[in-house]
Amino acid sequence: MGTLEIIFLGIGLAMDCFAVSLSKGIAAGRMYWSKVLLMALLFGLFQAGMPLIGYYAGVHFAAFISRIAGWIALALLGYIGGKMIWEHFHEDEDQDSQSSADYGIITLLMLSVATSIDALATGLLFIGQQDILWFAVLVIGICSFIFSFSASMIGVYAGKKFNFPAELLGGVILVCIGLKIWIESMLS
């Protein structure tokens with residue numbers, strides 16, 4: 001596997017991070033620099049760490065995880081997205097909509113796991129190619145960090161520019177990503 005293929009792999013794995021970060025930025029409505037940096041850092045670390053786990057765990061463990069990975073992603077993203085959708089319809093008029101911009105550590109960790117589960121199986125690509133493993137992990141982590149951070153900024157801008165139900169849209173996006181990962185895991 002060459003450098004270009006590794007970059008494309010990193011970009012492909014970062015797409016879920018991009019979509020989730022975009023919806024979080026839209027829901028937030030303003031830039032929370034430290035929270036967005038933490039989210040991007042966690043996404044990058046988890047996206048980079050999962051291929052390492054997949055590589056070291058080997059074929060047997062990865063086969064087991066690939067059977068349940070879609071369910072895990074669906075449960076985590078479905079829960080967080082469903083909560084955002086529910087809060088959109090049950091928000092008090094005088095309540096601050098800060099809950100839609102939940103950047104709590106538990107939420108961020110759940111999102112990090114959910115968006116990086118598909119990266120676990122990519123660790124198997126590097127069996128027999130140990131010489132490029134750490135370079136690939138670095139590229140995957142950097143791509144996920146950059147895509148996450150950029151998407152948050154785009155989401156904040158879009159949320160301010162256009163008037164739409166950000167919390168509802170963000171929740172629907174998260175549920176759809178969970179369904180996409182689940183469907184892909186069922187088809188493979």
# chains A, B, ... in the order shown; residues from 1 in each chain; ligands from 1
>>> closest_atom_pairs(of="region 44-141 of chain A", to="region 174-179 of chain A", cutoff="12 Å", atoms="only C-alpha atoms", output="Markdown table")
| residue | atom | partner | partner_atom | distance |
| --- | --- | --- | --- | --- |
| A:Ala69 | CA | A:Gly178 | CA | 10.4 |
| A:Gly70 | CA | A:Gly178 | CA | 7.6 |
| A:Trp71 | CA | A:Gly178 | CA | 8.5 |
| A:Ile72 | CA | A:Gly178 | CA | 8.7 |
| A:Ala73 | CA | A:Gly178 | CA | 5.4 |
| A:Leu74 | CA | A:Gly178 | CA | 4.2 |
| A:Ala75 | CA | A:Gly178 | CA | 7.5 |
| A:Leu76 | CA | A:Gly178 | CA | 7.7 |
| A:Leu77 | CA | A:Gly178 | CA | 5.2 |
| A:Gly78 | CA | A:Val175 | CA | 4.8 |
| A:Tyr79 | CA | A:Val175 | CA | 8.0 |
| A:Ile80 | CA | A:Leu174 | CA | 7.3 |
| A:Gly81 | CA | A:Leu174 | CA | 5.0 |
| A:Gly82 | CA | A:Val175 | CA | 6.9 |
| A:Lys83 | CA | A:Val175 | CA | 10.1 |
| A:Met84 | CA | A:Leu174 | CA | 9.2 |
| A:Ile85 | CA | A:Val175 | CA | 9.5 |
| A:Met110 | CA | A:Leu174 | CA | 11.9 |
| A:Leu111 | CA | A:Leu174 | CA | 9.3 |
| A:Val113 | CA | A:Gly178 | CA | 11.7 |
| A:Ala114 | CA | A:Gly178 | CA | 7.9 |
| A:Thr115 | CA | A:Ile177 | CA | 8.6 |
| A:Ser116 | CA | A:Gly178 | CA | 11.5 |
| A:Ile117 | CA | A:Gly178 | CA | 10.9 |
| A:Asp118 | CA | A:Gly178 | CA | 11.2 |
>>> closest_residue(among="A:Ile183, A:Val36, A:Ile127, A:Val137", to="Ile105 (chain A)", atoms="only C-alpha atoms")
A:Val36
>>> closest_residue(among="A:Phe147, A:Tyr55, A:Trp33, A:Tyr103", to="Met15 (chain A)", atoms="only C-alpha atoms")
A:Phe147
>>> closest_residue(among="A:Leu124, A:Ala119, A:Ile142, A:Ala158", to="Ser23 (chain A)", atoms="only C-alpha atoms")
A:Ala158
>>> closest_residue(among="A:Leu37, A:Leu22, A:Val156, A:Leu120", to="Ile140 (chain A)", atoms="only C-alpha atoms")
A:Leu120
